[in-house]
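Data from run.txt: compact mmCIF, C-alpha atoms and all ligand atoms
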```
# COMPACT_ATOMS: atom_id res chain seq x y z
CA MET A 1 0.00 0.00 0.00
CA GLY A 2 1.36 3.38 -1.03
CA ARG A 3 0.92 6.64 0.79
CA ALA A 4 -1.96 7.52 -1.52
CA ASN A 5 -3.61 6.21 -4.67
CA LYS A 6 -4.01 9.20 -6.91
CA VAL A 7 -2.11 12.48 -6.54
CA VAL A 8 -2.36 15.93 -8.10
CA LEU A 9 1.15 17.41 -8.27
CA ALA A 10 1.97 21.13 -8.62
CA TYR A 11 4.19 21.15 -11.69
CA SER A 12 6.63 23.73 -13.05
CA GLY A 13 8.46 21.71 -15.71
CA GLY A 14 11.78 21.93 -13.84
CA VAL A 15 13.94 18.95 -12.90
CA ASP A 16 12.73 18.72 -9.32
CA THR A 17 9.02 18.64 -10.00
CA SER A 18 9.62 16.32 -12.97
CA VAL A 19 11.55 13.87 -10.78
CA CYS A 20 8.67 13.98 -8.30
CA ILE A 21 6.53 12.10 -10.85
CA PRO A 22 8.53 8.81 -11.05
CA TYR A 23 9.55 9.20 -7.41
CA LEU A 24 5.95 9.29 -6.20
CA LYS A 25 5.15 6.22 -8.28
CA GLN A 26 8.28 4.13 -7.71
CA GLU A 27 9.22 4.97 -4.13
CA TRP A 28 5.89 5.78 -2.59
CA GLY A 29 3.69 3.36 -4.53
CA ILE A 30 1.30 5.93 -5.94
CA GLN A 31 -0.65 4.59 -8.87
CA GLU A 32 -1.53 7.75 -10.69
CA VAL A 33 0.08 11.20 -10.82
CA ILE A 34 -1.82 14.08 -12.41
CA THR A 35 0.22 17.26 -12.85
CA LEU A 36 -1.08 20.80 -12.70
CA ALA A 37 0.86 23.77 -14.09
CA ALA A 38 -0.57 27.21 -13.34
CA ASP A 39 0.10 30.14 -15.61
CA LEU A 40 0.62 33.09 -13.28
CA GLY A 41 2.45 35.16 -15.86
CA GLN A 42 5.87 33.61 -15.28
CA GLY A 43 6.48 33.83 -19.03
CA ASP A 44 7.13 30.12 -19.61
CA GLU A 45 5.69 28.39 -22.64
CA LEU A 46 3.12 26.00 -21.29
CA GLU A 47 2.66 23.47 -24.08
CA PRO A 48 6.21 22.03 -23.74
CA ILE A 49 5.67 21.89 -19.97
CA ARG A 50 2.39 20.05 -20.49
CA GLN A 51 4.11 17.49 -22.71
CA LYS A 52 7.10 17.08 -20.43
CA ALA A 53 4.83 15.98 -17.57
CA ILE A 54 3.36 13.22 -19.74
CA GLN A 55 6.86 12.14 -20.85
CA SER A 56 7.89 12.03 -17.19
CA GLY A 57 5.06 9.62 -16.41
CA ALA A 58 2.01 11.71 -15.54
CA SER A 59 -1.32 10.19 -16.48
CA GLN A 60 -2.78 13.62 -17.16
CA SER A 61 -1.19 17.02 -17.48
CA LEU A 62 -3.36 20.01 -16.62
CA VAL A 63 -2.53 23.60 -17.51
CA VAL A 64 -4.56 26.41 -15.99
CA ASP A 65 -4.39 30.06 -16.95
CA ALA A 66 -4.92 31.69 -13.56
CA LYS A 67 -3.50 35.15 -14.27
CA ASP A 68 -6.79 36.98 -14.00
CA SER A 69 -7.72 35.44 -10.68
CA PHE A 70 -4.17 35.96 -9.42
CA VAL A 71 -4.43 39.70 -9.92
CA LYS A 72 -8.10 40.19 -9.00
CA ASP A 73 -8.47 37.82 -6.07
CA TYR A 74 -4.98 37.88 -4.54
CA ALA A 75 -2.88 40.85 -5.65
CA PHE A 76 -5.60 43.50 -5.49
CA PRO A 77 -6.89 42.62 -2.01
CA ALA A 78 -3.28 42.76 -0.83
CA LEU A 79 -2.86 46.12 -2.54
CA GLN A 80 -5.93 47.44 -0.72
CA ALA A 81 -4.07 46.57 2.46
CA ASN A 82 -0.79 48.09 1.18
CA THR A 83 0.91 44.88 2.25
CA LEU A 84 4.66 44.97 2.70
CA TYR A 85 6.25 42.21 4.77
CA GLU A 86 8.80 43.71 7.14
CA ASN A 87 7.93 47.03 5.56
CA ARG A 88 9.52 46.14 2.22
CA TYR A 89 8.53 42.90 0.48
CA PRO A 90 5.21 43.21 -1.40
CA LEU A 91 4.61 39.43 -1.15
CA SER A 92 4.80 38.81 -4.90
CA THR A 93 5.77 35.14 -4.46
CA ALA A 94 3.78 34.55 -1.28
CA LEU A 95 0.49 35.63 -2.89
CA ALA A 96 0.76 32.97 -5.61
CA ARG A 97 0.79 30.06 -3.17
CA PRO A 98 -2.78 30.11 -1.86
CA LEU A 99 -4.03 30.34 -5.45
CA ILE A 100 -1.95 27.33 -6.57
CA ALA A 101 -3.16 25.45 -3.49
CA LYS A 102 -6.75 26.21 -4.44
CA LEU A 103 -6.20 24.93 -7.99
CA LEU A 104 -4.63 21.74 -6.64
CA VAL A 105 -7.50 21.10 -4.28
CA GLU A 106 -10.10 21.75 -6.97
CA ALA A 107 -8.35 19.36 -9.36
CA ALA A 108 -8.02 16.70 -6.65
CA GLU A 109 -11.74 16.94 -5.95
CA GLN A 110 -12.63 16.87 -9.65
CA TYR A 111 -10.42 13.87 -10.47
CA GLY A 112 -11.02 11.95 -7.26
CA ALA A 113 -7.45 12.15 -5.96
CA ASP A 114 -6.77 11.44 -2.31
CA ALA A 115 -3.63 13.58 -2.09
CA VAL A 116 -1.92 16.62 -3.55
CA ALA A 117 1.84 17.10 -3.83
CA HIS A 118 4.37 19.89 -4.30
CA GLY A 119 8.11 20.09 -4.86
CA CYS A 120 9.06 22.40 -1.98
CA THR A 121 12.02 21.61 0.24
CA GLY A 122 11.93 21.77 4.02
CA LYS A 123 13.66 25.13 4.49
CA GLY A 124 11.37 27.64 2.90
CA ASN A 125 8.14 29.48 3.49
CA ASP A 126 6.38 28.07 0.46
CA GLN A 127 5.94 24.57 1.91
CA VAL A 128 4.12 26.15 4.84
CA ARG A 129 1.88 28.21 2.56
CA PHE A 130 0.96 25.16 0.46
CA ASP A 131 0.40 22.76 3.32
CA VAL A 132 -1.65 25.14 5.45
CA SER A 133 -3.71 26.44 2.50
CA ILE A 134 -4.52 22.90 1.38
CA ALA A 135 -5.48 21.88 4.90
CA ALA A 136 -7.77 24.91 5.14
CA LEU A 137 -9.49 24.17 1.83
CA ASN A 138 -9.85 20.41 2.24
CA PRO A 139 -8.55 18.89 5.49
CA ASN A 140 -9.22 15.37 4.18
CA LEU A 141 -6.57 15.58 1.49
CA LYS A 142 -3.07 14.31 2.21
CA VAL A 143 -0.19 16.61 1.30
CA LEU A 144 2.94 14.94 -0.06
CA ALA A 145 6.24 16.79 -0.37
CA PRO A 146 8.77 14.29 -1.78
CA ALA A 147 11.61 16.83 -2.05
CA ARG A 148 11.27 17.48 1.68
CA GLU A 149 12.10 13.84 2.36
CA TRP A 150 14.15 12.36 -0.44
CA GLY A 151 17.52 13.75 0.67
CA MET A 152 19.00 13.66 -2.85
CA SER A 153 21.65 16.17 -3.91
CA ARG A 154 21.16 18.03 -7.18
CA GLU A 155 23.38 15.50 -9.01
CA GLU A 156 21.52 12.58 -7.50
CA THR A 157 18.18 14.14 -8.44
CA ILE A 158 19.30 14.54 -12.06
CA ALA A 159 20.67 10.99 -12.16
CA TYR A 160 17.42 9.64 -10.69
CA GLY A 161 15.43 11.49 -13.34
CA GLU A 162 17.61 10.17 -16.15
CA ARG A 163 16.73 6.63 -15.15
CA PHE A 164 13.12 7.49 -15.96
CA GLY A 165 13.73 9.41 -19.16
CA ILE A 166 13.83 12.88 -17.66
CA PRO A 167 16.64 14.65 -19.52
CA ALA A 168 19.35 16.45 -17.53
CA PRO A 169 19.04 20.24 -17.94
CA VAL A 170 20.85 21.38 -21.10
CA LYS A 171 21.86 24.77 -19.75
CA LYS A 172 24.34 24.91 -16.92
CA LYS A 173 22.23 25.60 -13.89
CA SER A 174 22.19 29.23 -12.81
CA PRO A 175 23.52 29.64 -9.26
CA TYR A 176 20.37 31.56 -8.38
CA SER A 177 17.00 30.33 -7.23
CA ILE A 178 14.37 32.38 -9.01
CA ASP A 179 10.61 32.58 -8.66
CA ARG A 180 8.71 34.62 -11.20
CA ASN A 181 5.14 35.66 -11.87
CA LEU A 182 3.17 38.65 -13.10
CA LEU A 183 3.85 40.54 -9.88
CA GLY A 184 7.59 40.21 -9.95
CA ARG A 185 10.71 38.13 -9.50
CA SER A 186 12.34 36.79 -6.34
CA ILE A 187 16.02 35.94 -6.58
CA GLU A 188 18.15 34.23 -3.95
CA ALA A 189 21.14 31.90 -3.42
CA GLY A 190 24.49 31.76 -5.23
CA PRO A 191 26.60 34.86 -4.63
CA LEU A 192 23.62 36.56 -2.96
CA GLU A 193 24.07 34.31 0.08
CA ASP A 194 26.75 36.74 1.26
CA PRO A 195 24.68 39.68 2.50
CA TRP A 196 27.66 42.00 2.00
CA THR A 197 27.90 41.22 -1.73
CA GLU A 198 26.20 43.65 -4.09
CA PRO A 199 23.89 41.86 -6.55
CA LEU A 200 25.30 41.56 -10.04
CA GLU A 201 23.37 43.39 -12.72
CA GLU A 202 22.78 40.05 -14.51
CA ILE A 203 20.12 38.98 -12.01
CA TYR A 204 17.65 41.68 -13.05
CA VAL A 205 15.20 41.14 -15.88
CA MET A 206 12.22 43.39 -15.20
CA THR A 207 14.05 46.54 -14.12
CA LYS A 208 16.78 48.57 -15.80
CA ALA A 209 19.93 49.74 -14.05
CA ILE A 210 19.73 53.45 -13.20
CA ALA A 211 22.66 54.06 -15.56
CA ASP A 212 20.49 52.82 -18.43
CA THR A 213 17.17 54.48 -17.59
CA PRO A 214 15.84 57.45 -19.59
CA ASP A 215 17.12 60.91 -18.69
CA GLU A 216 13.60 62.32 -18.92
CA PRO A 217 10.93 61.55 -16.33
CA GLU A 218 7.69 59.90 -17.36
CA TYR A 219 4.33 60.78 -15.84
CA VAL A 220 1.70 58.09 -15.36
CA GLU A 221 -1.83 58.61 -14.07
CA ILE A 222 -3.43 55.67 -12.28
CA GLY A 223 -7.16 55.68 -11.60
CA PHE A 224 -8.65 53.72 -8.67
CA GLU A 225 -12.20 52.68 -7.86
CA LYS A 226 -12.81 51.55 -4.29
CA GLY A 227 -9.12 50.83 -3.89
CA ILE A 228 -8.79 48.85 -7.13
CA PRO A 229 -6.72 50.26 -10.00
CA THR A 230 -8.92 50.46 -13.08
CA SER A 231 -7.24 52.92 -15.43
CA LEU A 232 -3.77 53.74 -16.68
CA LYS A 233 -2.84 56.95 -18.48
CA GLY A 234 -6.51 57.90 -18.62
CA GLU A 235 -7.66 54.67 -20.27
CA ALA A 236 -9.70 51.92 -18.64
CA ILE A 237 -7.64 48.75 -18.45
CA ALA A 238 -8.14 45.13 -17.36
CA PRO A 239 -6.23 43.87 -14.29
CA VAL A 240 -3.70 41.62 -16.04
CA GLN A 241 -2.95 44.19 -18.76
CA LEU A 242 -2.55 46.89 -16.13
CA LEU A 243 0.12 44.84 -14.36
CA GLN A 244 1.89 44.01 -17.62
CA GLN A 245 1.96 47.58 -18.90
CA LEU A 246 2.91 49.14 -15.59
CA ASN A 247 5.69 46.58 -15.15
CA GLN A 248 7.09 47.79 -18.48
CA LEU A 249 6.70 51.49 -17.71
CA ALA A 250 8.12 51.35 -14.21
CA GLY A 251 10.80 48.76 -15.00
CA ASN A 252 12.07 50.98 -17.78
CA HIS A 253 12.81 53.64 -15.15
CA GLY A 254 14.47 51.19 -12.79
CA VAL A 255 11.63 51.30 -10.26
CA GLY A 256 10.91 48.41 -7.89
CA ARG A 257 14.21 46.81 -6.89
CA ILE A 258 14.44 45.58 -3.30
CA ASP A 259 17.49 44.05 -1.64
CA MET A 260 16.64 42.72 1.78
CA LEU A 261 17.45 40.34 4.53
CA GLU A 262 14.20 38.81 5.70
CA ASN A 263 12.99 36.60 8.51
CA ARG A 264 11.48 33.37 7.25
CA LEU A 265 8.74 31.66 9.21
CA VAL A 266 10.99 28.61 9.68
CA GLY A 267 13.45 30.68 11.71
CA ILE A 268 16.10 31.28 9.06
CA LYS A 269 17.25 34.71 7.95
CA SER A 270 17.63 34.86 4.19
CA ARG A 271 18.84 37.41 1.70
CA GLU A 272 16.43 37.95 -1.14
CA ILE A 273 16.30 40.34 -4.07
CA TYR A 274 12.95 41.35 -5.49
CA GLU A 275 11.94 43.24 -8.56
CA VAL A 276 8.33 44.30 -8.42
CA PRO A 277 7.97 47.38 -10.65
CA ALA A 278 4.19 47.64 -11.07
CA LEU A 279 3.27 46.44 -7.61
CA TRP A 280 5.66 48.92 -6.01
CA VAL A 281 4.14 51.84 -7.90
CA LEU A 282 0.60 50.67 -7.18
CA ILE A 283 1.23 50.46 -3.44
CA GLN A 284 2.69 53.98 -3.33
CA ALA A 285 -0.20 55.35 -5.40
CA HIS A 286 -2.91 53.51 -3.47
CA ARG A 287 -1.56 54.57 -0.12
CA ASP A 288 -1.44 58.16 -1.29
CA LEU A 289 -5.05 58.09 -2.46
CA GLU A 290 -6.02 56.74 0.96
CA SER A 291 -4.36 59.73 2.60
CA LEU A 292 -6.75 61.92 0.60
CA THR A 293 -9.93 59.91 1.16
CA LEU A 294 -9.74 58.22 4.58
CA THR A 295 -10.24 59.93 7.92
CA ALA A 296 -7.21 60.25 10.16
CA ASP A 297 -8.36 57.62 12.65
CA VAL A 298 -9.08 55.01 9.95
CA THR A 299 -5.71 55.72 8.30
CA HIS A 300 -3.86 55.27 11.57
CA TYR A 301 -5.77 52.21 12.72
CA LYS A 302 -5.43 50.57 9.30
CA ARG A 303 -1.64 50.65 9.53
CA GLY A 304 -1.71 48.09 12.32
CA ILE A 305 -4.14 45.93 10.37
CA GLU A 306 -1.88 46.13 7.33
CA GLU A 307 1.08 44.87 9.33
CA THR A 308 -0.91 41.88 10.59
CA PHE A 309 -2.33 41.26 7.13
CA SER A 310 1.17 41.23 5.60
CA GLN A 311 2.41 38.80 8.21
CA LEU A 312 -0.44 36.39 7.77
CA ILE A 313 0.05 36.29 4.00
CA TYR A 314 3.77 35.69 4.47
CA ASN A 315 3.08 33.02 7.05
CA GLY A 316 0.64 30.99 4.94
CA LEU A 317 -2.64 32.01 6.58
CA TRP A 318 -4.48 33.35 3.52
CA TYR A 319 -7.37 30.97 4.18
CA SER A 320 -7.86 31.60 7.87
CA PRO A 321 -10.50 33.11 10.12
CA LEU A 322 -8.26 36.06 11.01
CA LYS A 323 -7.69 36.84 7.35
CA ALA A 324 -11.43 36.70 6.66
CA ALA A 325 -12.16 39.05 9.54
CA LEU A 326 -9.52 41.55 8.48
CA ASP A 327 -10.80 41.36 4.89
CA ALA A 328 -14.11 42.75 6.08
CA PHE A 329 -12.36 45.66 7.76
CA ILE A 330 -10.22 46.44 4.75
CA GLN A 331 -13.11 46.24 2.29
CA GLN A 332 -15.13 48.63 4.43
CA THR A 333 -12.28 51.17 4.37
CA GLN A 334 -12.08 51.11 0.57
CA GLU A 335 -15.63 52.41 -0.07
CA ARG A 336 -14.42 55.91 -0.96
CA VAL A 337 -10.87 55.18 -2.15
CA THR A 338 -11.74 56.35 -5.65
CA GLY A 339 -9.73 58.88 -7.61
CA THR A 340 -6.59 59.44 -9.63
CA VAL A 341 -2.94 59.55 -8.65
CA ARG A 342 -0.19 61.10 -10.75
CA VAL A 343 3.16 59.34 -10.56
CA LYS A 344 6.51 60.58 -11.81
CA LEU A 345 8.82 57.73 -12.82
CA PHE A 346 12.45 58.77 -12.86
CA LYS A 347 15.80 57.16 -12.04
CA GLY A 348 14.48 54.39 -9.83
CA ASN A 349 11.85 56.51 -8.12
CA ALA A 350 8.09 56.49 -8.31
CA ALA A 351 7.24 59.86 -6.79
CA ILE A 352 3.59 60.71 -6.22
CA VAL A 353 3.28 64.28 -7.50
CA GLY A 354 -0.49 64.69 -7.67
CA ARG A 355 -3.74 63.17 -6.42
CA ARG A 356 -7.42 64.05 -6.83
CA SER A 357 -10.76 62.53 -5.91
CA ASP A 358 -14.47 63.33 -5.87
CA LYS A 359 -14.38 61.74 -2.42
CA SER A 360 -11.53 63.94 -1.23
CA LEU A 361 -11.55 64.96 2.44
CA TYR A 362 -8.98 67.64 1.76
CA THR A 363 -10.59 71.02 2.52
CA PRO A 364 -8.81 73.96 0.87
CA ASP A 365 -10.80 76.50 2.96
CA LEU A 366 -9.42 74.98 6.11
CA ALA A 367 -5.91 74.13 4.92
CA THR A 368 -5.04 77.46 3.30
CA TYR A 369 -2.74 80.05 4.84
CA GLY A 370 -4.28 82.66 2.54
CA ALA A 371 -7.00 85.28 3.11
CA ASP A 372 -9.95 82.93 2.49
CA ASP A 373 -9.08 80.81 5.51
CA LYS A 374 -12.29 79.48 7.15
CA PHE A 375 -10.67 77.81 10.14
CA ASP A 376 -11.80 79.18 13.50
CA HIS A 377 -8.52 80.10 15.20
CA GLN A 378 -10.32 81.07 18.45
CA ALA A 379 -11.61 77.51 18.77
CA ALA A 380 -8.06 76.20 18.96
CA GLU A 381 -7.42 77.77 22.36
CA GLY A 382 -10.20 75.94 24.21
CA PHE A 383 -9.37 72.73 22.43
CA ILE A 384 -5.74 72.93 23.48
CA TYR A 385 -6.71 73.67 27.12
CA VAL A 386 -8.78 70.48 27.31
CA TRP A 387 -6.36 68.39 25.26
CA GLY A 388 -3.41 69.38 27.41
CA LEU A 389 -5.23 69.17 30.74
CA PRO A 390 -3.97 65.71 31.81
CA THR A 391 -0.40 66.70 31.00
CA ARG A 392 -0.80 69.99 32.92
CA ILE A 393 -2.13 68.15 35.99
CA TRP A 394 0.67 65.57 35.78
CA SER A 395 3.27 68.31 35.64
CA GLN A 396 1.77 70.15 38.63
CA GLN A 397 1.60 66.97 40.68
CA GLY A 398 5.27 66.28 39.98
CA ARG A 399 6.30 69.68 41.29
CA GLY A 400 4.61 68.95 44.63
N1 LIG B 501 11.34 34.88 0.22
C1 LIG B 501 10.18 34.94 -0.61
C2 LIG B 501 8.97 34.41 0.11
O1 LIG B 501 9.11 33.69 1.05
C3 LIG B 501 10.37 34.30 -1.95
C4 LIG B 501 10.53 32.80 -1.95
C5 LIG B 501 10.94 32.20 -3.28
N2 LIG B 501 12.20 32.73 -3.69
C6 LIG B 501 13.02 32.22 -4.62
N3 LIG B 501 14.08 32.93 -4.94
N4 LIG B 501 12.81 31.08 -5.19
O2 LIG B 501 7.86 34.72 -0.26
```
Turn this file's structure into structure tokens for me.
Amino acid sequence: MGRANKVVLAYSGGVDTSVCIPYLKQEWGIQEVITLAADLGQGDELEPIRQKAIQSGASQSLVVDAKDSFVKDYAFPALQANTLYENRYPLSTALARPLIAKLLVEAAEQYGADAVAHGCTGKGNDQVRFDVSIAALNPNLKVLAPAREWGMSREETIAYGERFGIPAPVKKKSPYSIDRNLLGRSIEAGPLEDPWTEPLEEIYVMTKAIADTPDEPEYVEIGFEKGIPTSLKGEAIAPVQLLQQLNQLAGNHGVGRIDMLENRLVGIKSREIYEVPALWVLIQAHRDLESLTLTADVTHYKRGIEETFSQLIYNGLWYSPLKAALDAFIQQTQERVTGTVRVKLFKGNAAIVGRRSDKSLYTPDLATYGADDKFDHQAAEGFIYVWGLPTRIWSQQGRG
């Protein structure tokens, strides 16, 4: 008896996930492996990947275009919460995991599989995100992670694959570990493991080096409705196209590079480079529009919620009761976050240089220092007396 009968495996077309197919069958006695490759805008051609799974022994090879849902159901809700893990990482990789988990679970239910599998190792965050998301969506499914247990080196993995007709990679393997999707790229390992070493220019694909960016700034207007970006440069645009075009525009000006040392959930500090051109600009723009349309107390309170929201996405709790509760809060705050933000892209910066909204709470009559000032200056005195009263009493008490 194997560990399961029929398994749906998250499949990328790489050596590791390909080797998972014969490994699950030969070593763990699984009768049938169905693979699932999700298109999240990583730019890979999917037909060769679909075929490779069959050649590697899969009984069926599923390919799902999930780009639209990725942006609408995962990236945009995170944007509404301005999520930045440890204040910097916009969760571009982390957000893909609950979606892939959902696709795996749906396929398992459709094809009558009793387990799902993924190729994550035991050191990263992604295994946590998959396992917990799958458990949340269908606690009866087993989760298999062969690469977490097989203990094979890279050479051994390739040799194992060759025994089952999985060709060794033709290109010499890059020293980097790279994850890519529509939201950005995550790059780690190789020379980046030394946190003192500056990343080589060769690692970047979506963003230009400042030395190569245009010498003229470029202005981009982004329109939002209830916290969701819906127009670019004055034209209505669909979610996926918005991300694609803004990645181009911002990447061309070198916007969206992040070099950070982060705290993984599994206790390890790791050095990761991100390039997230569009998402970076969208977060700056969205946050700015909130400063125009939210009251002070909501703005301030929301910052704490955003921090928690970022952590729970990073830590694999997308499908959790806390996430659902915070969703309700965030959605409520977005009711009036409608308007347009003007962004100046130049030499690695996305500066917000203008914002306007029909829902604006900015009151020129009150803010002005000019003659048409409507603010009641007399009222300030009484307010300050009451506001400062506890401090005044505290000071007097201290003097005896
Ligand atoms: N550190 C990021 C996260 O946990 C990215 C993980 C994948 N990175 C990679 N280079 N393969 O979300």
Task: Counting only C-alpha atoms, the residue of A:Ala296, A:Ala324, A:Leu200, A:Ile283 that sits nearest Ala351 in chain A - done: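 Using only C-alpha atoms, the shortest distance to Ala351 in chain A belongs to A:Ile283.
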TODO: Find the residues around Phe346 in chain A up to 10 Å (only C-alpha atoms counted), leave out those fewer than 2 positions away in its own chain, and share them as a ChimeraX atom specification.
DONE: /A:210,213-219,250,252-255,343-344,348-351
Open item on the list: If I take CA of Arg50 in chain A and CA of Gly151 in chain A, how far is one from the other in Å, to one decimal?
Closed with: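 Spanning CA of Arg50 in chain A to CA of Gly151 in chain A is a straight-line distance of 26.8 Å.
Minimum atom-to-atom distances from A:Leu361, A:Val170, A:Ala66, A:Ala379 to Ile158 in chain A were compared using all atoms listed in the file, and the lowest value belongs to A:Val170.
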Hey, could you make a per-residue contact list for chain A against ligand LIG 501 (chain B) with 7 Å as the cut-off, showing the nearest pair of atoms and its distance in Å to one decimal, counting only C-alpha atoms and all ligand atoms, sorted by chain and number, as a Markdown table?
```
| residue | atom | partner | partner_atom | distance |
| --- | --- | --- | --- | --- |
| A:Leu91 | CA | B:LIG501 | O2 | 5.8 |
| A:Ser92 | CA | B:LIG501 | O2 | 6.9 |
| A:Thr93 | CA | B:LIG501 | O2 | 4.7 |
| A:Ala94 | CA | B:LIG501 | O2 | 4.2 |
| A:Gly124 | CA | B:LIG501 | O1 | 6.7 |
| A:Asn125 | CA | B:LIG501 | O1 | 5.0 |
| A:Asp126 | CA | B:LIG501 | O1 | 6.3 |
| A:Ser177 | CA | B:LIG501 | N3 | 4.5 |
| A:Ile178 | CA | B:LIG501 | N3 | 4.1 |
| A:Asp179 | CA | B:LIG501 | N4 | 4.4 |
| A:Ser186 | CA | B:LIG501 | N3 | 4.5 |
| A:Ile187 | CA | B:LIG501 | N3 | 3.9 |
| A:Glu188 | CA | B:LIG501 | N3 | 4.4 |
| A:Arg264 | CA | B:LIG501 | O1 | 6.6 |
| A:Glu272 | CA | B:LIG501 | N1 | 6.1 |
| A:Tyr314 | CA | B:LIG501 | O2 | 6.3 |
```
- [ ] Grab the CA of Leu79 in chain A to CA of Ile352 in chain A distance for me, in Å with one decimal place.
- [x]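 Here the two named atoms are 16.4 Å from each other.
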- [ ] For CA of Val220 in chain A and CA of Met206 in chain A, quote the distance in Å rounded to one decimal.
- [x]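 The value is 18.1 Å.
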- [ ] Tell me which protein, DNA and RNA residues are within 12 Å of Asp68 in chain A, counting all atoms listed in the file, leaving out same-chain ones fewer than 2 positions away, and put them as a VMD selection string.
- [x] chain A and resid 38 to 41 64 to 66 70 to 76 96 99 182 to 183 238 to 244
